[in-house]
Amino acid sequence: MIRQLFKFREMLLVIIIAILLAVFSTRSQGFATPGNLANIFNDTSILIILALGQMTVILTKSIDLSVAANVAFTGMAVGMLNAAQPELPLMLILVVALGIGGVLGAINGMFVWKLNIPSIVVTLGTLTIYRGMAFVLSGGAWVNAHQMTAPFLQTPRQLFLGLPILGWTAIVIVAVMYLVMSRTFLGRAIYASGGNPTAAVYAGIDVGRTRFFAFVISGTLAGLCGYLWVSRYAVGYVDIAAGFELDTVAACVIGGISTLGGIGSVAGAVLGALFLGVIKNALPVINISPFAQMAISGSVIITAVIFNARQERRRGRIILRDRGASEQIEVAA
Amino acid sequence: MKLLKQLALGSAFAFAMLASQAHADTVKIGLVVKSLGNGFFEAANKGAQEAAKELGDVEVIYTGPTSTTAEGQIEVINALIAQNVNAIAISANDPDAVIPALKKAMARGIKVISWDSAVAKDGRIMHLNPSSNELIGKMCLQLAADHLKDGKGDFAILSATTTSTNQNTWIEEMKKQLPNFPGLNLVTTVYGDDLSDKSYREAQGLLTSQPNVKVIVAPTTVGVLAASQAVADAKKIGDVYVTGLGLPSEMAGAIKSGATKEFAIWNPIDLGYSATQIAYRLVKGETDGAPGSEIAAGRMGKIKVGDNGEAAMADPFVYDAKNIDQFSKMF
């Protein structure tokens, strides 16, 4: 029975997170109280949403390194929009955020789909371009708390059944993504085009187009997070979320999403993000030297990757991956 | 091209005419800023005009390029030389690039000083720093003490990265001067890396793990803002205060929410005032501005010139709910 449970990587992560919480609560009282756990979940919400976008892209055998830059650009844009036009309703601002994010994601997707450029190269480029655009847009100026309107700042903080709207947003996105990945054609196509592109092509799936849509999903979610980020920290500046793209990739890797594509689940990405969130929230309260903190975060991620690699070796679902990949190139040519 | 040259010549001639028409006894000081249209420098000009009015026989020419380039400043300096100013006080866009133009000015007897952003040693008589590391450290401790009852209690520092030079210098100065503030106790120093999410989390961590900490001092704007937001979100406004160094426009929200009662940064009005005062004294020959000399600067008291011809103006200026609206519009 227990062996059966351990077969699921997600279950294992749940247990590890539970052990972490138990260990941390011995060092800092009140760490594992329901209130604080809700706080941690709320704090991790943005990472969860971004990790789900990243997961969608990684499942198709691609990677999106521009998510954090997308967050920064969209965040700056909606922050400035709110400061300049305070009378605009929040719903409209949200739509603008989703739209900008989606367009930025679509730009990545077009390069990958139509020009066949490796996604790591495309998004490494757009990562600097989007952040540069955020600078051009704002001229380096900040959007400050007193320039933003109360609804813009306060809505994600409103409590609903004990959890802020920010946390609920993450829950809704998780539910939607779960349905998309498991119940829609696009979801299955995403798994197929990463797991075995050749078979996917034979099954009538346009792999490039699927990747394009994966990037659009990732971009749209990043756009949403742009608003959430600026509102949560009540300040918009060019460097927001600097380096955060690596956190989203780390969350996916920890959550068991294979960087080679095709393997992974929504639950895995969420748990991977929560795992990072627990560690990030615990490190400041358990009196560990700030110099050791970075080393600890890094070694945890490497441990997860090693574990991931071992885990994958045991799986035998994808046969002849290398051959499948080389045939994919022939098909594309 | 020819037309341009003629225009340039013509305008230079016109300037010269204007210059000769000015009253012979008036001291003309060119206040050169990094760029026009920047609130910080507009405020400095306000201070310069105040000094001019106080001194009486001074005319301040407030000028600068439209964008923050050294080339633009060189043009401006040349124009000022043509106007026969008595002194130039510059906040330089580049410490070296403006030197040849400034040397040309000094060769014609114009007294050159730099303020805010320094010119390298060769290109000026002295440089006026808004403050010094020592004064900043002292001010941070003073702010912490002001937020605590009777100035006694625990506080924590929220810094940027562990490797940030100026942050570490300031923290070092704070530790050095801590014995001068009996009862003030530094519990810990945490690092938010100047990232809003990490700073927020570190502040949250302080709130839970160090319940005795009543003041968080952050010598960086991102830190003060994130900590203020964390305190506001934890509903601990009035119980825990956040203070430190930041620009008024960025800090206005935190002051309004009540998480920060007061914070400090240099005052551009005082800076422009002092620069004008010093330039005036140099022109009048009351001082030579050499290292070791003391220069009277009106309401700012005496400013002492230290090594390298650098002087520190004063303690950083304290901003609170009373003056934040006025200054948050400026910079």
# chains A, B, ... in the order shown; residues from 1 in each chain; ligands from 1
$ select_by_dssp --residues "region 46-286 of chain A" --states "strand (DSSP E)" --output "list in words"
Val143, Asn144, Leu159, Phe160, Leu163, Pro164, Val235 and Gly236 of chain A
$ write_last_selection --atoms "N, CA and C atoms" --output "short mmCIF file (atom, residue, chain, number, x, y, z; two decimals), in the first residue's frame"
data_model
loop_
_atom_site.label_atom_id
_atom_site.label_comp_id
_atom_site.auth_asym_id
_atom_site.auth_seq_id
_atom_site.Cartn_x
_atom_site.Cartn_y
_atom_site.Cartn_z
N VAL A 143 6.75 53.44 -10.46
CA VAL A 143 5.34 53.70 -10.16
C VAL A 143 5.19 53.43 -8.67
N ASN A 144 4.82 54.46 -7.92
CA ASN A 144 4.82 54.33 -6.47
C ASN A 144 3.42 54.12 -5.91
N LEU A 159 -9.85 39.56 1.92
CA LEU A 159 -9.99 38.20 2.42
C LEU A 159 -11.32 37.62 1.97
N PHE A 160 -11.27 36.36 1.52
CA PHE A 160 -12.49 35.63 1.20
C PHE A 160 -12.31 34.25 1.80
N LEU A 163 -8.75 33.46 3.09
CA LEU A 163 -7.60 33.51 2.19
C LEU A 163 -7.73 34.73 1.28
N PRO A 164 -6.65 35.49 1.08
CA PRO A 164 -6.76 36.66 0.21
C PRO A 164 -7.10 36.25 -1.23
N VAL A 235 4.68 48.56 -5.64
CA VAL A 235 5.66 49.39 -6.32
C VAL A 235 5.98 48.74 -7.67
N GLY A 236 6.15 49.60 -8.69
CA GLY A 236 6.53 49.08 -10.00
C GLY A 236 7.83 49.71 -10.43
#
$ residues_around --residues "Pro86 (chain A)" --least-positions-apart "6" --cutoff "12 Å" --atoms "only C-alpha atoms" --output "mmCIF file with C-alpha atoms, in the first residue's frame"
data_model
loop_
_atom_site.group_PDB
_atom_site.id
_atom_site.type_symbol
_atom_site.label_atom_id
_atom_site.label_comp_id
_atom_site.auth_asym_id
_atom_site.auth_seq_id
_atom_site.Cartn_x
_atom_site.Cartn_y
_atom_site.Cartn_z
ATOM 1 C CA VAL A 78 -0.538 48.350 -15.969
ATOM 2 C CA GLY A 79 0.971 50.265 -13.059
ATOM 3 C CA MET A 80 1.569 53.276 -15.290
ATOM 4 C CA LEU A 92 -10.268 46.573 -17.798
ATOM 5 C CA ILE A 93 -6.777 46.764 -16.327
ATOM 6 C CA HIS A 146 0.577 56.671 -3.691
ATOM 7 C CA GLN A 147 0.082 56.937 -7.471
ATOM 8 C CA MET A 148 -1.927 53.721 -7.658
ATOM 9 C CA THR A 149 -5.616 53.550 -6.813
ATOM 10 C CA ALA A 150 -7.001 51.723 -3.792
ATOM 11 C CA PRO A 151 -8.906 49.055 -5.788
ATOM 12 C CA PHE A 152 -5.753 48.339 -7.813
ATOM 13 C CA LEU A 153 -3.722 47.790 -4.644
#
$ interface_residues --of "chain B" --to "chain A" --cutoff "10 Å" --atoms "only C-alpha atoms" --output "PDB file with C-alpha atoms, in the first residue's frame"
ATOM      1  CA  THR B 161      22.725  42.370  -1.013  1.00  0.00           C
ATOM      2  CA  THR B 162      25.458  41.013   1.224  1.00  0.00           C
ATOM      3  CA  THR B 188      20.092  41.194  13.474  1.00  0.00           C
ATOM      4  CA  THR B 189      20.864  42.204   9.906  1.00  0.00           C
ATOM      5  CA  VAL B 190      18.964  40.543   7.075  1.00  0.00           C
ATOM      6  CA  TYR B 191      19.425  40.899   3.328  1.00  0.00           C
ATOM      7  CA  GLY B 192      16.592  41.454   0.862  1.00  0.00           C
ATOM      8  CA  ASP B 194      16.973  44.830  -3.324  1.00  0.00           C
ATOM      9  CA  LEU B 195      14.281  42.486  -4.640  1.00  0.00           C
ATOM     10  CA  SER B 196      10.789  43.409  -3.491  1.00  0.00           C
ATOM     11  CA  ASP B 197       9.665  39.806  -2.964  1.00  0.00           C
ATOM     12  CA  LYS B 198      12.750  38.745  -0.990  1.00  0.00           C
ATOM     13  CA  SER B 199      12.785  41.947   1.074  1.00  0.00           C
ATOM     14  CA  TYR B 200       9.082  41.466   1.828  1.00  0.00           C
ATOM     15  CA  ARG B 201       9.685  37.891   2.973  1.00  0.00           C
ATOM     16  CA  GLU B 202      12.682  38.882   5.098  1.00  0.00           C
ATOM     17  CA  ALA B 203      10.618  41.599   6.775  1.00  0.00           C
ATOM     18  CA  GLN B 204       7.798  39.117   7.353  1.00  0.00           C
ATOM     19  CA  GLY B 205      10.349  36.738   8.851  1.00  0.00           C
ATOM     20  CA  LEU B 206      11.535  39.464  11.216  1.00  0.00           C
ATOM     21  CA  LEU B 207       7.967  40.137  12.322  1.00  0.00           C
ATOM     22  CA  THR B 208       7.400  36.493  13.265  1.00  0.00           C
ATOM     23  CA  SER B 209      10.798  35.399  14.547  1.00  0.00           C
ATOM     24  CA  GLN B 210      11.829  38.615  16.326  1.00  0.00           C
ATOM     25  CA  VAL B 222      13.225  48.799  -2.087  1.00  0.00           C
ATOM     26  CA  LEU B 225       8.948  49.950   0.766  1.00  0.00           C
ATOM     27  CA  ALA B 226       8.773  46.156   0.972  1.00  0.00           C
ATOM     28  CA  ALA B 227       9.085  46.187   4.756  1.00  0.00           C
ATOM     29  CA  SER B 228       6.370  48.878   5.030  1.00  0.00           C
ATOM     30  CA  GLN B 229       4.082  46.752   2.896  1.00  0.00           C
ATOM     31  CA  ALA B 230       4.834  43.657   4.997  1.00  0.00           C
ATOM     32  CA  ASP B 233      -0.236  43.483   5.452  1.00  0.00           C
ATOM     33  CA  ALA B 234       0.533  41.946   8.861  1.00  0.00           C
ATOM     34  CA  SER B 249       8.175  60.298  -4.197  1.00  0.00           C
ATOM     35  CA  GLU B 250       8.791  56.617  -3.621  1.00  0.00           C
ATOM     36  CA  MET B 251       8.114  56.768   0.101  1.00  0.00           C
ATOM     37  CA  ALA B 252       4.929  58.865   0.084  1.00  0.00           C
ATOM     38  CA  GLY B 253       2.669  55.782   0.118  1.00  0.00           C
ATOM     39  CA  ALA B 254       4.464  54.242   3.094  1.00  0.00           C
ATOM     40  CA  ILE B 255       4.171  57.503   5.047  1.00  0.00           C
ATOM     41  CA  LYS B 256       0.452  57.725   4.219  1.00  0.00           C
ATOM     42  CA  SER B 257      -0.182  54.149   5.400  1.00  0.00           C
ATOM     43  CA  SER B 328       7.164  63.998  -3.122  1.00  0.00           C
TER      44      SER B 328
END
$ residues_around --residues "Ile171 (chain B)" --least-positions-apart "5" --cutoff "9 Å" --atoms "only C-alpha atoms" --output "list in words"
Gly137, Ile157, Ser159, Asn166, Lys176, Thr189 and Pro219 of chain B
$ write_last_selection --atoms "N, CA and C atoms" --output "PDB file, in the first residue's frame"
ATOM      1  N   GLY B 137      25.173  56.927   8.760  1.00  0.00           N
ATOM      2  CA  GLY B 137      25.076  55.904   9.802  1.00  0.00           C
ATOM      3  C   GLY B 137      24.417  56.464  11.052  1.00  0.00           C
ATOM      4  N   ILE B 157      18.184  45.542  10.926  1.00  0.00           N
ATOM      5  CA  ILE B 157      18.521  46.203   9.669  1.00  0.00           C
ATOM      6  C   ILE B 157      18.106  45.300   8.516  1.00  0.00           C
ATOM      7  N   SER B 159      18.955  45.099   4.713  1.00  0.00           N
ATOM      8  CA  SER B 159      19.870  45.683   3.737  1.00  0.00           C
ATOM      9  C   SER B 159      19.546  45.181   2.337  1.00  0.00           C
ATOM     10  N   ASN B 166      28.098  50.304  -0.543  1.00  0.00           N
ATOM     11  CA  ASN B 166      27.656  51.435   0.273  1.00  0.00           C
ATOM     12  C   ASN B 166      26.765  50.981   1.424  1.00  0.00           C
ATOM     13  N   LYS B 176      29.437  51.065  14.486  1.00  0.00           N
ATOM     14  CA  LYS B 176      30.504  51.803  15.153  1.00  0.00           C
ATOM     15  C   LYS B 176      29.927  52.844  16.112  1.00  0.00           C
ATOM     16  N   THR B 189      20.860  41.578  11.219  1.00  0.00           N
ATOM     17  CA  THR B 189      20.864  42.204   9.906  1.00  0.00           C
ATOM     18  C   THR B 189      20.430  41.158   8.896  1.00  0.00           C
ATOM     19  N   PRO B 219      18.396  50.880   4.761  1.00  0.00           N
ATOM     20  CA  PRO B 219      19.067  51.987   4.080  1.00  0.00           C
ATOM     21  C   PRO B 219      18.919  51.899   2.561  1.00  0.00           C
TER      22      PRO B 219
END
$ closest_residue --among "B:Glu54, B:Asp307, B:Glu59, B:Asp94" --to "Gln73 (chain B)" --atoms "only C-alpha atoms"
B:Asp94
$ residues_around --residues "Gly255 (chain A)" --least-positions-apart "3" --cutoff "12 Å" --atoms "only C-alpha atoms" --output "PyMOL selection string"
chain A and resi 8-14+16-17+48+51-52+54-55+247-252+258-259+263-276+301+304-305+307-308+311
$ residues_around --residues "Ala312 (chain B)" --least-positions-apart "3" --cutoff "6 Å" --atoms "only C-alpha atoms" --output "count of residues only"
5
$ select_by_dssp --residues "region 29-221 of chain B" --states "helix (DSSP H, G or I)" --output "PyMOL selection string"
chain B and resi 39-55+70-82+99-107+121-123+133-147+149-151+165-180+196-209+221
